[in-house]
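For reference, data20.txt (compact mmCIF, C-alpha atoms and all ligand atoms):
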```
# COMPACT_ATOMS: atom_id res chain seq x y z
CA MET A 30 128.08 187.55 -94.06
CA LYS A 31 131.29 189.25 -93.21
CA GLN A 32 129.89 189.92 -89.73
CA GLN A 33 128.75 186.30 -89.41
CA LEU A 34 132.26 185.09 -90.24
CA GLU A 35 133.78 187.50 -87.73
CA ASN A 36 131.33 186.22 -85.05
CA ILE A 37 132.27 182.63 -85.78
CA ARG A 38 135.94 183.53 -85.50
CA LEU A 39 135.55 185.31 -82.16
CA GLN A 40 133.29 182.64 -80.66
CA ALA A 41 135.51 179.83 -81.94
CA LEU A 42 138.69 181.34 -80.48
CA ALA A 43 136.97 181.91 -77.12
CA ASP A 44 135.54 178.36 -77.05
CA LEU A 45 138.90 176.87 -78.00
CA ASP A 46 140.61 178.81 -75.22
CA ALA A 47 138.12 177.40 -72.73
CA ALA A 48 138.48 173.77 -73.91
CA ASP A 49 140.89 171.92 -71.65
CA THR A 50 140.73 168.26 -72.68
CA PRO A 51 141.58 166.52 -75.96
CA ALA A 52 137.95 165.31 -76.16
CA ALA A 53 136.54 168.87 -75.82
CA LEU A 54 138.95 170.06 -78.53
CA GLU A 55 137.87 167.32 -80.90
CA GLU A 56 134.23 168.14 -80.32
CA LEU A 57 134.90 171.78 -81.18
CA ARG A 58 136.87 170.89 -84.28
CA VAL A 59 133.91 168.93 -85.64
CA LYS A 60 131.45 171.66 -84.69
CA LEU A 61 133.52 174.39 -86.35
CA LEU A 62 135.27 172.81 -89.33
CA GLY A 63 133.34 169.57 -89.94
CA LYS A 64 131.02 168.89 -92.92
CA LYS A 65 128.03 169.98 -90.87
CA GLY A 66 130.05 172.63 -89.08
CA ASP A 67 129.38 176.37 -88.71
CA LEU A 68 131.98 177.47 -91.25
CA THR A 69 130.84 174.98 -93.87
CA ALA A 70 127.27 176.19 -93.43
CA ILE A 71 128.35 179.79 -94.19
CA LEU A 72 130.45 178.73 -97.19
CA LYS A 73 127.43 176.93 -98.62
CA GLN A 74 125.72 180.30 -98.86
CA MET A 75 128.51 181.77 -101.02
CA GLY A 76 126.55 180.90 -104.15
CA LYS A 77 124.06 183.61 -103.32
CA LEU A 78 126.70 186.31 -103.42
CA SER A 79 127.54 188.52 -106.35
CA PRO A 80 130.61 187.57 -108.42
CA GLU A 81 132.49 190.57 -107.01
CA GLU A 82 131.71 189.72 -103.42
CA ARG A 83 132.54 186.03 -103.69
CA PRO A 84 136.37 186.16 -103.78
CA VAL A 85 136.41 188.74 -100.99
CA MET A 86 134.24 186.56 -98.72
CA GLY A 87 136.18 183.48 -99.78
CA GLN A 88 139.38 185.14 -98.64
CA ILE A 89 137.85 186.15 -95.31
CA ALA A 90 136.43 182.63 -94.80
CA ASN A 91 139.86 181.08 -95.49
CA ALA A 92 141.47 183.46 -93.03
CA VAL A 93 138.91 182.49 -90.35
CA ARG A 94 139.53 178.78 -91.04
CA ALA A 95 143.31 179.32 -90.80
CA ASP A 96 142.91 181.18 -87.51
CA ILE A 97 140.74 178.39 -86.07
CA GLU A 98 143.19 175.70 -87.25
CA ALA A 99 146.13 177.57 -85.76
CA LYS A 100 144.27 177.97 -82.47
CA LEU A 101 143.33 174.27 -82.47
CA GLU A 102 146.99 173.32 -82.89
CA GLU A 103 148.07 175.72 -80.18
CA ARG A 104 145.50 174.36 -77.68
CA LYS A 105 146.36 170.78 -78.55
CA THR A 106 149.99 171.40 -77.66
CA ALA A 107 149.10 173.30 -74.49
CA ILE A 108 146.67 170.61 -73.26
CA HIS A 109 149.21 167.88 -73.94
CA ALA A 110 151.90 169.80 -72.03
CA ALA A 111 149.56 170.41 -69.08
CA ALA A 112 148.63 166.72 -68.93
CA LEU A 113 152.29 165.75 -68.95
CA GLU A 114 153.03 168.29 -66.23
CA ALA A 115 150.22 166.93 -64.04
CA LYS A 116 151.37 163.34 -64.59
CA LEU A 117 154.96 164.16 -63.65
CA ALA A 118 153.82 166.03 -60.55
CA SER A 119 151.61 163.15 -59.37
CA GLU A 120 154.23 160.48 -60.02
CA ALA A 121 157.19 162.37 -58.61
CA LEU A 122 159.26 160.52 -55.98
CA ASP A 123 160.24 162.52 -52.97
CA VAL A 124 163.59 160.96 -52.22
CA THR A 125 163.88 162.95 -48.99
CA ILE A 126 160.96 161.08 -47.31
CA ALA A 127 162.32 158.58 -44.75
CA GLY A 128 162.01 154.99 -46.09
CA GLU A 129 160.41 152.00 -44.40
CA SER A 130 163.04 150.22 -42.39
CA TYR A 131 163.27 146.45 -42.12
CA THR A 132 164.87 144.70 -39.18
CA ILE A 133 167.44 142.25 -40.40
CA GLY A 134 167.98 139.27 -38.14
CA HIS A 135 171.27 137.69 -37.23
CA GLN A 136 172.65 134.34 -36.29
CA HIS A 137 171.27 132.91 -33.04
CA PRO A 138 173.76 133.44 -30.16
CA MET A 139 174.13 129.70 -29.66
CA ASN A 140 175.06 129.28 -33.31
CA GLN A 141 177.53 132.14 -33.02
CA VAL A 142 179.32 130.21 -30.28
CA LEU A 143 179.04 126.95 -32.28
CA GLN A 144 180.70 128.71 -35.21
CA GLU A 145 183.54 129.92 -32.98
CA ILE A 146 184.07 126.41 -31.61
CA LYS A 147 184.00 124.87 -35.09
CA ASP A 148 186.53 127.41 -36.35
CA ILE A 149 188.90 126.61 -33.47
CA PHE A 150 188.71 122.85 -34.09
CA VAL A 151 189.03 123.24 -37.86
CA GLY A 152 192.19 125.19 -37.08
CA MET A 153 193.45 122.15 -35.14
CA GLY A 154 192.81 119.89 -38.14
CA TYR A 155 189.40 118.44 -37.23
CA LYS A 156 186.84 117.58 -39.90
CA ILE A 157 183.23 118.62 -39.16
CA VAL A 158 180.77 115.72 -39.65
CA ASP A 159 177.04 115.25 -39.30
CA GLY A 160 174.90 112.23 -38.45
CA PRO A 161 171.33 111.05 -37.81
CA GLU A 162 169.19 112.21 -34.87
CA ILE A 163 167.10 109.04 -35.20
CA GLU A 164 169.64 106.44 -34.19
CA LEU A 165 169.95 102.72 -33.62
CA ALA A 166 170.30 101.64 -29.97
CA SER A 167 173.31 99.61 -31.07
CA TYR A 168 175.15 102.83 -32.03
CA ASN A 169 173.80 104.97 -29.21
CA PHE A 170 174.51 102.35 -26.50
CA THR A 171 175.69 98.83 -27.29
CA ARG A 172 178.76 99.49 -29.42
CA LEU A 173 179.72 102.27 -27.01
CA ASN A 174 180.08 99.57 -24.34
CA ILE A 175 176.90 100.64 -22.52
CA GLU A 176 175.49 97.33 -21.30
CA GLU A 177 171.86 96.19 -21.22
CA GLY A 178 170.18 97.50 -18.10
CA HIS A 179 172.36 100.62 -17.84
CA PRO A 180 170.22 103.45 -16.35
CA SER A 181 170.70 105.72 -19.39
CA ARG A 182 168.88 103.11 -21.50
CA ASP A 183 165.81 103.37 -19.30
CA ARG A 184 162.49 104.20 -20.98
CA SER A 185 162.04 107.00 -18.48
CA ASP A 186 165.17 108.71 -19.86
CA THR A 187 165.15 107.87 -23.57
CA PHE A 188 162.65 108.46 -26.38
CA TYR A 189 162.23 105.09 -28.14
CA PHE A 190 160.35 104.55 -31.40
CA ASN A 191 159.43 100.90 -31.04
CA ASP A 192 158.65 98.20 -28.47
CA ASP A 193 161.97 96.38 -28.74
CA ASP A 194 163.87 99.60 -27.93
CA SER A 195 166.06 99.24 -31.02
CA VAL A 196 165.43 102.70 -32.53
CA LEU A 197 165.56 105.96 -30.57
CA LEU A 198 166.20 109.68 -30.62
CA ARG A 199 169.91 109.82 -29.89
CA THR A 200 170.58 110.75 -26.26
CA GLN A 201 174.14 111.85 -27.01
CA THR A 202 176.36 112.62 -30.01
CA SER A 203 178.71 109.77 -28.99
CA PRO A 204 177.22 107.35 -31.60
CA MET A 205 179.03 109.58 -34.10
CA GLN A 206 182.26 108.04 -32.74
CA ILE A 207 181.09 104.62 -33.95
CA ARG A 208 179.95 106.02 -37.30
CA ALA A 209 183.29 107.78 -37.83
CA MET A 210 185.39 104.70 -36.95
CA GLU A 211 183.14 102.46 -39.01
CA ILE A 212 183.75 104.33 -42.25
CA SER A 213 187.43 105.20 -41.99
CA ASP A 214 190.73 103.88 -40.69
CA PRO A 215 192.98 105.92 -38.35
CA PRO A 216 194.10 108.64 -38.34
CA ILE A 217 190.63 109.97 -37.48
CA CYS A 218 190.06 113.52 -36.29
CA ILE A 219 186.40 114.61 -36.32
CA LEU A 220 184.02 117.05 -34.67
CA ALA A 221 180.30 116.17 -34.71
CA PRO A 222 177.89 118.85 -33.45
CA GLY A 223 174.19 118.08 -33.26
CA ARG A 224 170.93 117.81 -31.37
CA VAL A 225 170.30 115.21 -28.67
CA PHE A 226 167.14 114.27 -26.80
CA ARG A 227 166.35 113.16 -23.25
CA LYS A 228 163.20 112.92 -21.19
CA ASP A 229 164.20 115.85 -18.99
CA GLU A 230 161.97 118.54 -17.49
CA ALA A 231 163.09 121.99 -18.60
CA ASP A 232 164.79 124.10 -15.89
CA ALA A 233 167.64 126.64 -15.75
CA THR A 234 170.16 124.02 -16.92
CA HIS A 235 168.06 121.25 -18.54
CA SER A 236 165.96 120.88 -21.69
CA PRO A 237 164.49 117.77 -23.40
CA MET A 238 166.37 118.78 -26.55
CA PHE A 239 169.83 120.24 -26.40
CA HIS A 240 173.04 120.30 -28.39
CA GLN A 241 176.28 118.45 -27.97
CA ILE A 242 179.57 118.61 -29.79
CA GLU A 243 181.36 115.30 -30.02
CA GLY A 244 185.07 115.08 -30.75
CA LEU A 245 187.09 111.99 -31.63
CA VAL A 246 190.77 111.59 -32.39
CA VAL A 247 192.23 108.14 -33.12
CA GLY A 248 195.77 107.50 -34.31
CA ASP A 249 199.30 106.50 -33.30
CA ASN A 250 200.31 107.30 -29.71
CA ILE A 251 197.34 109.51 -28.89
CA THR A 252 197.47 110.29 -25.16
CA MET A 253 195.51 112.01 -22.41
CA GLY A 254 198.00 114.87 -22.85
CA ASP A 255 196.69 115.40 -26.39
CA LEU A 256 193.13 115.46 -25.03
CA LYS A 257 193.99 118.06 -22.39
CA GLY A 258 195.95 120.14 -24.88
CA ALA A 259 193.03 120.28 -27.32
CA LEU A 260 190.46 121.14 -24.65
CA VAL A 261 192.59 123.71 -22.79
CA ASN A 262 193.34 125.39 -26.11
CA LEU A 263 189.62 125.51 -26.89
CA MET A 264 188.67 126.96 -23.50
CA LYS A 265 191.35 129.63 -23.56
CA ARG A 266 190.32 130.68 -27.06
CA ILE A 267 186.65 130.83 -26.05
CA TYR A 268 186.81 132.17 -22.50
CA GLY A 269 190.12 134.05 -22.51
CA GLN A 270 193.71 133.20 -21.54
CA ASP A 271 192.96 133.48 -17.83
CA ALA A 272 189.90 131.20 -17.91
CA ILE A 273 189.83 128.94 -14.85
CA MET A 274 188.98 125.28 -15.45
CA ARG A 275 189.53 121.88 -13.90
CA PHE A 276 189.52 118.22 -14.88
CA ARG A 277 187.86 115.71 -12.51
CA PRO A 278 188.02 111.92 -12.70
CA HIS A 279 184.73 110.39 -13.79
CA HIS A 280 183.30 107.22 -15.28
CA PHE A 281 181.93 106.64 -18.77
CA PRO A 282 181.50 103.12 -20.19
CA PHE A 283 183.09 104.14 -23.52
CA THR A 284 186.26 105.78 -22.21
CA GLU A 285 189.00 104.59 -19.85
CA PRO A 286 190.23 106.59 -18.04
CA SER A 287 187.41 109.14 -18.10
CA CYS A 288 187.11 112.68 -16.82
CA GLU A 289 184.83 115.68 -16.77
CA MET A 290 185.89 119.24 -17.37
CA ASP A 291 184.37 122.15 -15.47
CA MET A 292 184.83 125.84 -15.76
CA GLN A 293 184.55 128.33 -12.96
CA CYS A 294 181.01 129.72 -12.71
CA HIS A 295 180.85 133.02 -14.57
CA LYS A 296 178.11 134.31 -12.27
CA CYS A 297 179.53 133.75 -8.76
CA HIS A 298 183.20 133.48 -9.82
CA GLY A 299 183.58 130.19 -8.01
CA THR A 300 182.22 131.31 -4.64
CA GLY A 301 178.86 129.53 -5.05
CA GLU A 302 177.07 132.59 -3.69
CA VAL A 303 175.54 135.73 -5.13
CA ASP A 304 174.42 138.45 -2.68
CA GLY A 305 174.34 135.95 0.17
CA GLN A 306 172.14 133.53 -1.84
CA VAL A 307 173.13 130.20 -3.37
CA CYS A 308 174.21 130.92 -6.96
CA SER A 309 171.36 129.85 -9.25
CA THR A 310 173.61 129.29 -12.25
CA CYS A 311 175.90 126.67 -10.68
CA HIS A 312 173.59 125.66 -7.78
CA GLY A 313 176.28 126.74 -5.33
CA GLU A 314 178.94 124.49 -6.84
CA GLY A 315 181.17 127.33 -8.04
CA TRP A 316 181.83 125.25 -11.18
CA ILE A 317 179.87 124.52 -14.33
CA GLU A 318 180.30 121.11 -15.95
CA LEU A 319 181.04 121.59 -19.65
CA LEU A 320 181.95 118.18 -20.98
CA GLY A 321 182.78 114.54 -20.50
CA ALA A 322 185.91 113.05 -22.03
CA GLY A 323 188.46 110.29 -21.86
CA MET A 324 190.61 107.80 -23.72
CA VAL A 325 188.52 105.68 -26.10
CA HIS A 326 187.85 102.31 -24.40
CA PRO A 327 189.67 99.39 -26.09
CA VAL A 328 186.33 97.55 -26.36
CA VAL A 329 184.86 100.45 -28.36
CA LEU A 330 187.86 100.46 -30.71
CA LYS A 331 187.44 96.68 -31.20
CA ASN A 332 183.69 97.11 -31.79
CA CYS A 333 184.64 99.29 -34.77
CA GLY A 334 187.35 96.99 -36.14
CA ILE A 335 190.29 99.05 -34.88
CA ASP A 336 193.15 97.22 -33.14
CA PRO A 337 193.61 98.76 -29.64
CA GLU A 338 197.15 97.33 -29.52
CA LYS A 339 198.03 99.44 -32.51
CA TYR A 340 195.98 102.60 -32.05
CA SER A 341 194.67 104.76 -29.24
CA GLY A 342 192.32 107.69 -29.17
CA PHE A 343 190.54 110.28 -27.11
CA ALA A 344 186.96 111.49 -27.21
CA PHE A 345 184.93 114.25 -25.67
CA GLY A 346 181.32 115.40 -25.68
CA MET A 347 180.47 118.92 -24.64
CA GLY A 348 177.18 120.70 -24.06
CA LEU A 349 176.85 123.54 -26.55
CA GLU A 350 174.24 125.44 -24.50
CA ARG A 351 176.51 125.28 -21.46
CA MET A 352 179.41 126.58 -23.55
CA ALA A 353 177.24 129.42 -24.90
CA MET A 354 175.92 130.32 -21.43
CA GLY A 355 179.48 130.75 -20.16
CA ARG A 356 180.69 132.54 -23.27
CA LEU A 357 177.78 135.01 -23.42
CA ARG A 358 177.06 135.16 -19.66
CA ILE A 359 173.54 133.80 -19.98
CA ASN A 360 172.11 132.66 -16.66
CA ASP A 361 169.17 130.53 -17.74
CA LEU A 362 169.24 127.83 -20.43
CA ARG A 363 165.59 128.43 -21.36
CA LEU A 364 166.44 131.89 -22.74
CA ILE A 365 168.38 130.14 -25.50
CA PHE A 366 165.25 128.31 -26.69
CA ASP A 367 162.56 130.94 -26.05
CA ASN A 368 163.57 133.01 -29.08
CA ASP A 369 162.44 136.27 -27.49
CA VAL A 370 163.87 138.99 -29.74
CA ARG A 371 164.48 141.25 -26.73
CA PHE A 372 166.95 138.60 -25.58
CA LEU A 373 168.36 137.69 -28.99
CA ASN A 374 168.99 141.32 -29.95
CA GLN A 375 171.57 141.62 -27.20
CA PHE A 376 174.05 139.47 -29.10
N1 LIG B 401 178.14 111.33 -24.20
C1 LIG B 401 178.43 111.78 -22.84
C2 LIG B 401 177.19 112.39 -22.25
O1 LIG B 401 176.27 112.72 -22.97
C3 LIG B 401 179.53 112.79 -22.84
C4 LIG B 401 180.84 112.18 -23.17
C5 LIG B 401 181.65 111.68 -22.20
C6 LIG B 401 181.27 112.12 -24.49
C7 LIG B 401 182.87 111.11 -22.48
C8 LIG B 401 182.51 111.55 -24.78
C9 LIG B 401 183.27 111.06 -23.78
O2 LIG B 401 182.96 111.47 -26.03
O3 LIG B 401 184.49 110.55 -24.07
O4 LIG B 401 177.11 112.58 -21.06
```

Rewrite the structure of this file - the entire thing - as structure tokens.
Amino acid sequence: MKQQLENIRLQALADLDAADTPAALEELRVKLLGKKGDLTAILKQMGKLSPEERPVMGQIANAVRADIEAKLEERKTAIHAAALEAKLASEALDVTIAGESYTIGHQHPMNQVLQEIKDIFVGMGYKIVDGPEIELASYNFTRLNIEEGHPSRDRSDTFYFNDDDSVLLRTQTSPMQIRAMEISDPPICILAPGRVFRKDEADATHSPMFHQIEGLVVGDNITMGDLKGALVNLMKRIYGQDAIMRFRPHHFPFTEPSCEMDMQCHKCHGTGEVDGQVCSTCHGEGWIELLGAGMVHPVVLKNCGIDPEKYSGFAFGMGLERMAMGRLRINDLRLIFDNDVRFLNQF
């Protein structure tokens, strides 16, 4: 029996050493120490021993049980530690591996220029306002002194919504002049950027949708000098102190007198030619038209309930894409709308 106990001890310690999962350990514990286990089976035979032998064997059996229990505890701790080690190794973060990089976009170049222009006008005391793109013909044309039958009202130029031509996609931001004068008394000093729509084919300088920035100042003794001062200040801030520009007389139904402002072509520097070819940016003109402007027509003031004997005002409407093309030296308007990231990333 002594030998049997010794065999159990040796086998048990070897088996326990080989067990490497909690489940295998548990299985061994039952097999060795359980009610139907090997050790219990031996102890059941103790009754057959002589009274002298019994305590001796009992002592040996207890020692074997203690050894097995100690080994079980030792393996349990070791297996737990190994499992933890493996888990840590598999979940470890290697902070030296290069991360995934995301490309962060930025403001569209045209909006960058719009922001610059807005900042400059806000600095001059203008309030930025917004208005509807779907507009009434009375605001877009009639109250701006544009008579029935004027070519700009033509169905071939304007997107109308209904048969009586009373509702349209605004063709200019000038209706914002009416809206501004309608809701407040002078002094008025507003800037109204926004989208406008015309039935134009797209080419290097045209698009059926483009952006304008309307300005309107109405108050006491507002003169053409104030208009020129505001616009020259804008152009010098945007294009530099030595920017070359000119005012030309023009006609608009809603201003009197009226003018247009051009700036020297940034591509051909006013010569109208590039490498012996007609400059494609200004079509050989040497100048790029940026805006229309003038003194608000007395009829328009009256149409908005403002007494032209008491107040005067100036207005202007500039093409934002044109301004951006000059500012960022972009040669083709379509690039602004294509949204090709190879183009956009340059700004
Ligand atoms: N609305 C005109 C256009 O689209 C531009 C313009 C001219 C606006 C004269 C004005 C102005 O405010 O006074 O061609």

Taking all atoms listed in the file into account, list the residues no farther than 7 Å from ligand LIG 401 (chain B), as a list in words.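 Those within range of ligand LIG 401 (chain B) are Thr200, Gln201, Thr202, Ser203, Glu243, Gly244, Leu245, Phe281, Phe283, Thr284, Ser287, Leu320, Gly321, Ala322, Gly323, Met324, Val325, Phe343, Ala344, Phe345, Gly346 and Met347 of chain A.
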
Here CA of Gly87 (chain A) and CA of Lys31 (chain A) stand apart by 10.0 Å

Which one of A:Ile89, A:Met75, A:Leu101, A:Ile317 sits closest to Asp44 (chain A) if you count all atoms listed in the file?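 Answer, going by the shortest atom-to-atom distance: A:Leu101.
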
Excluding region 130-143 of chain A and its own-chain neighbours fewer than 6 positions away, which residues fall within 9 Å of it when counting all atoms listed in the file? Please give them as a PyMOL selection string. chain A and resi 222+242+267+349-350+352-354+356-357+365+368+373-376

Residues from last step as file, C-alpha atoms, as a PDB file, keeping the file's coordinate frame:
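The new file out.pdb reads:
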```
ATOM      1  CA  PRO A 222     177.890 118.850 -33.450  1.00  0.00           C
ATOM      2  CA  ILE A 242     179.570 118.610 -29.790  1.00  0.00           C
ATOM      3  CA  ILE A 267     186.650 130.830 -26.050  1.00  0.00           C
ATOM      4  CA  LEU A 349     176.850 123.540 -26.550  1.00  0.00           C
ATOM      5  CA  GLU A 350     174.240 125.440 -24.500  1.00  0.00           C
ATOM      6  CA  MET A 352     179.410 126.580 -23.550  1.00  0.00           C
ATOM      7  CA  ALA A 353     177.240 129.420 -24.900  1.00  0.00           C
ATOM      8  CA  MET A 354     175.920 130.320 -21.430  1.00  0.00           C
ATOM      9  CA  ARG A 356     180.690 132.540 -23.270  1.00  0.00           C
ATOM     10  CA  LEU A 357     177.780 135.010 -23.420  1.00  0.00           C
ATOM     11  CA  ILE A 365     168.380 130.140 -25.500  1.00  0.00           C
ATOM     12  CA  ASN A 368     163.570 133.010 -29.080  1.00  0.00           C
ATOM     13  CA  LEU A 373     168.360 137.690 -28.990  1.00  0.00           C
ATOM     14  CA  ASN A 374     168.990 141.320 -29.950  1.00  0.00           C
ATOM     15  CA  GLN A 375     171.570 141.620 -27.200  1.00  0.00           C
ATOM     16  CA  PHE A 376     174.050 139.470 -29.100  1.00  0.00           C
TER      17      PHE A 376
END
```

Could you work out how far CA of Ala209 (chain A) lies from CA of Glu162 (chain A), giving the answer in Å with one decimal?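 Separation between CA of Glu162 (chain A) and CA of Ala209 (chain A): 15.1 Å.
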
Just how far from CA of Leu330 (chain A) is CA of Ile207 (chain A), in Å to one decimal? 8.6 Å

Mind checking which residues fall within 12 Å of Ala95 (chain A), counting all atoms listed in the file, ignoring those fewer than 2 positions away in the same chain, and posting them as a VMD selection string? chain A and resid 38 41 to 42 61 to 62 68 88 to 93 97 to 102

Go ahead and save the picked residues with C-alpha atoms, as a PDB file, in the coordinates of the input.
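For reference, again.pdb as written:
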```pdb
ATOM      1  CA  ARG A  38     135.940 183.530 -85.500  1.00  0.00           C
ATOM      2  CA  ALA A  41     135.510 179.830 -81.940  1.00  0.00           C
ATOM      3  CA  LEU A  42     138.690 181.340 -80.480  1.00  0.00           C
ATOM      4  CA  LEU A  61     133.520 174.390 -86.350  1.00  0.00           C
ATOM      5  CA  LEU A  62     135.270 172.810 -89.330  1.00  0.00           C
ATOM      6  CA  LEU A  68     131.980 177.470 -91.250  1.00  0.00           C
ATOM      7  CA  GLN A  88     139.380 185.140 -98.640  1.00  0.00           C
ATOM      8  CA  ILE A  89     137.850 186.150 -95.310  1.00  0.00           C
ATOM      9  CA  ALA A  90     136.430 182.630 -94.800  1.00  0.00           C
ATOM     10  CA  ASN A  91     139.860 181.080 -95.490  1.00  0.00           C
ATOM     11  CA  ALA A  92     141.470 183.460 -93.030  1.00  0.00           C
ATOM     12  CA  VAL A  93     138.910 182.490 -90.350  1.00  0.00           C
ATOM     13  CA  ILE A  97     140.740 178.390 -86.070  1.00  0.00           C
ATOM     14  CA  GLU A  98     143.190 175.700 -87.250  1.00  0.00           C
ATOM     15  CA  ALA A  99     146.130 177.570 -85.760  1.00  0.00           C
ATOM     16  CA  LYS A 100     144.270 177.970 -82.470  1.00  0.00           C
ATOM     17  CA  LEU A 101     143.330 174.270 -82.470  1.00  0.00           C
ATOM     18  CA  GLU A 102     146.990 173.320 -82.890  1.00  0.00           C
TER      19      GLU A 102
END
```

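Summary of the local environment: counting only C-alpha atoms, residues at most 10 Å from Ile157 (chain A), other than itself and those fewer than 6 positions away along its chain, are Lys147, Asp148, Phe150, Val151, Cys218, Ile219, Leu220, Ala221, Pro222, Glu243 and Gly244 of chain A.
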
With 8 Å added on each side, what axis-aligned box encloses every listed atom of region 318-329 of chain A? Give the centre and edge lengths in Å to one decimal, as AutoDock Vina command-line options.
```
--center_x 185.5 --center_y 109.6 --center_z -22.2 --size_x 26.3 --size_y 40.0 --size_z 28.4
```

Hey, what's within 12 Å of Ala52 (chain A) if we count all atoms listed in the file and toss same-chain stuff fewer than 4 positions away? As a list in words, please? Leu45, Ala48, Glu56, Leu57, Arg58, Val59, Arg104, Lys105, Ile108 and His109 of chain A

Can you find the residues with an atom no farther than 10 Å from (196.0, 110.1, -19.9), counting all atoms listed in the file, and report them as a list of chain:residue names? A:Ile251, A:Thr252, A:Met253, A:Gly254, A:Asp255, A:Leu256, A:Lys257, A:Glu285, A:Pro286, A:Ser287, A:Cys288, A:Gly323, A:Met324, A:Phe343

Model the absent atoms of region 185-190 of chain A so that all heavy atoms are present, and write the result as a PDB file, in the coordinates of the input.
```
ATOM      1  N   SER A 185     162.409 105.725 -19.106  1.00  0.00           N
ATOM      2  CA  SER A 185     162.040 107.000 -18.480  1.00  0.00           C
ATOM      3  C   SER A 185     163.049 108.093 -18.850  1.00  0.00           C
ATOM      4  O   SER A 185     162.838 109.262 -18.568  1.00  0.00           O
ATOM      5  CB  SER A 185     161.959 106.856 -16.966  1.00  0.00           C
ATOM      6  OG  SER A 185     163.226 106.514 -16.448  1.00  0.00           O
ATOM      7  N   ASP A 186     164.155 107.712 -19.486  1.00  0.00           N
ATOM      8  CA  ASP A 186     165.170 108.710 -19.860  1.00  0.00           C
ATOM      9  C   ASP A 186     165.279 108.912 -21.367  1.00  0.00           C
ATOM     10  O   ASP A 186     165.770 109.940 -21.831  1.00  0.00           O
ATOM     11  CB  ASP A 186     166.565 108.255 -19.360  1.00  0.00           C
ATOM     12  CG  ASP A 186     166.669 108.335 -17.856  1.00  0.00           C
ATOM     13  OD1 ASP A 186     165.996 109.207 -17.275  1.00  0.00           O
ATOM     14  OD2 ASP A 186     167.405 107.531 -17.261  1.00  0.00           O
ATOM     15  N   THR A 187     164.876 107.886 -22.128  1.00  0.00           N
ATOM     16  CA  THR A 187     165.150 107.870 -23.570  1.00  0.00           C
ATOM     17  C   THR A 187     163.854 107.799 -24.370  1.00  0.00           C
ATOM     18  O   THR A 187     162.937 107.081 -23.991  1.00  0.00           O
ATOM     19  CB  THR A 187     166.051 106.659 -23.894  1.00  0.00           C
ATOM     20  OG1 THR A 187     167.264 106.791 -23.147  1.00  0.00           O
ATOM     21  CG2 THR A 187     166.369 106.566 -25.365  1.00  0.00           C
ATOM     22  N   PHE A 188     163.800 108.535 -25.472  1.00  0.00           N
ATOM     23  CA  PHE A 188     162.650 108.460 -26.380  1.00  0.00           C
ATOM     24  C   PHE A 188     162.874 107.314 -27.362  1.00  0.00           C
ATOM     25  O   PHE A 188     163.732 107.415 -28.246  1.00  0.00           O
ATOM     26  CB  PHE A 188     162.498 109.767 -27.175  1.00  0.00           C
ATOM     27  CG  PHE A 188     162.168 110.982 -26.343  1.00  0.00           C
ATOM     28  CD1 PHE A 188     163.151 111.896 -25.994  1.00  0.00           C
ATOM     29  CD2 PHE A 188     160.856 111.223 -25.926  1.00  0.00           C
ATOM     30  CE1 PHE A 188     162.851 113.029 -25.242  1.00  0.00           C
ATOM     31  CE2 PHE A 188     160.544 112.356 -25.171  1.00  0.00           C
ATOM     32  CZ  PHE A 188     161.545 113.260 -24.824  1.00  0.00           C
ATOM     33  N   TYR A 189     162.114 106.223 -27.217  1.00  0.00           N
ATOM     34  CA  TYR A 189     162.230 105.090 -28.140  1.00  0.00           C
ATOM     35  C   TYR A 189     161.111 105.152 -29.178  1.00  0.00           C
ATOM     36  O   TYR A 189     160.026 105.681 -28.910  1.00  0.00           O
ATOM     37  CB  TYR A 189     162.128 103.765 -27.377  1.00  0.00           C
ATOM     38  CG  TYR A 189     163.371 103.452 -26.578  1.00  0.00           C
ATOM     39  CD1 TYR A 189     163.411 103.700 -25.205  1.00  0.00           C
ATOM     40  CD2 TYR A 189     164.493 102.908 -27.185  1.00  0.00           C
ATOM     41  CE1 TYR A 189     164.540 103.410 -24.460  1.00  0.00           C
ATOM     42  CE2 TYR A 189     165.635 102.620 -26.448  1.00  0.00           C
ATOM     43  CZ  TYR A 189     165.658 102.867 -25.087  1.00  0.00           C
ATOM     44  OH  TYR A 189     166.780 102.599 -24.360  1.00  0.00           O
ATOM     45  N   PHE A 190     161.364 104.568 -30.347  1.00  0.00           N
ATOM     46  CA  PHE A 190     160.350 104.550 -31.400  1.00  0.00           C
ATOM     47  C   PHE A 190     159.544 103.273 -31.430  1.00  0.00           C
ATOM     48  O   PHE A 190     158.455 103.239 -31.973  1.00  0.00           O
ATOM     49  CB  PHE A 190     161.012 104.748 -32.774  1.00  0.00           C
ATOM     50  CG  PHE A 190     161.406 106.176 -33.029  1.00  0.00           C
ATOM     51  CD1 PHE A 190     162.676 106.627 -32.704  1.00  0.00           C
ATOM     52  CD2 PHE A 190     160.500 107.075 -33.571  1.00  0.00           C
ATOM     53  CE1 PHE A 190     163.032 107.942 -32.921  1.00  0.00           C
ATOM     54  CE2 PHE A 190     160.858 108.395 -33.795  1.00  0.00           C
ATOM     55  CZ  PHE A 190     162.136 108.837 -33.459  1.00  0.00           C
TER      56      PHE A 190
END
```
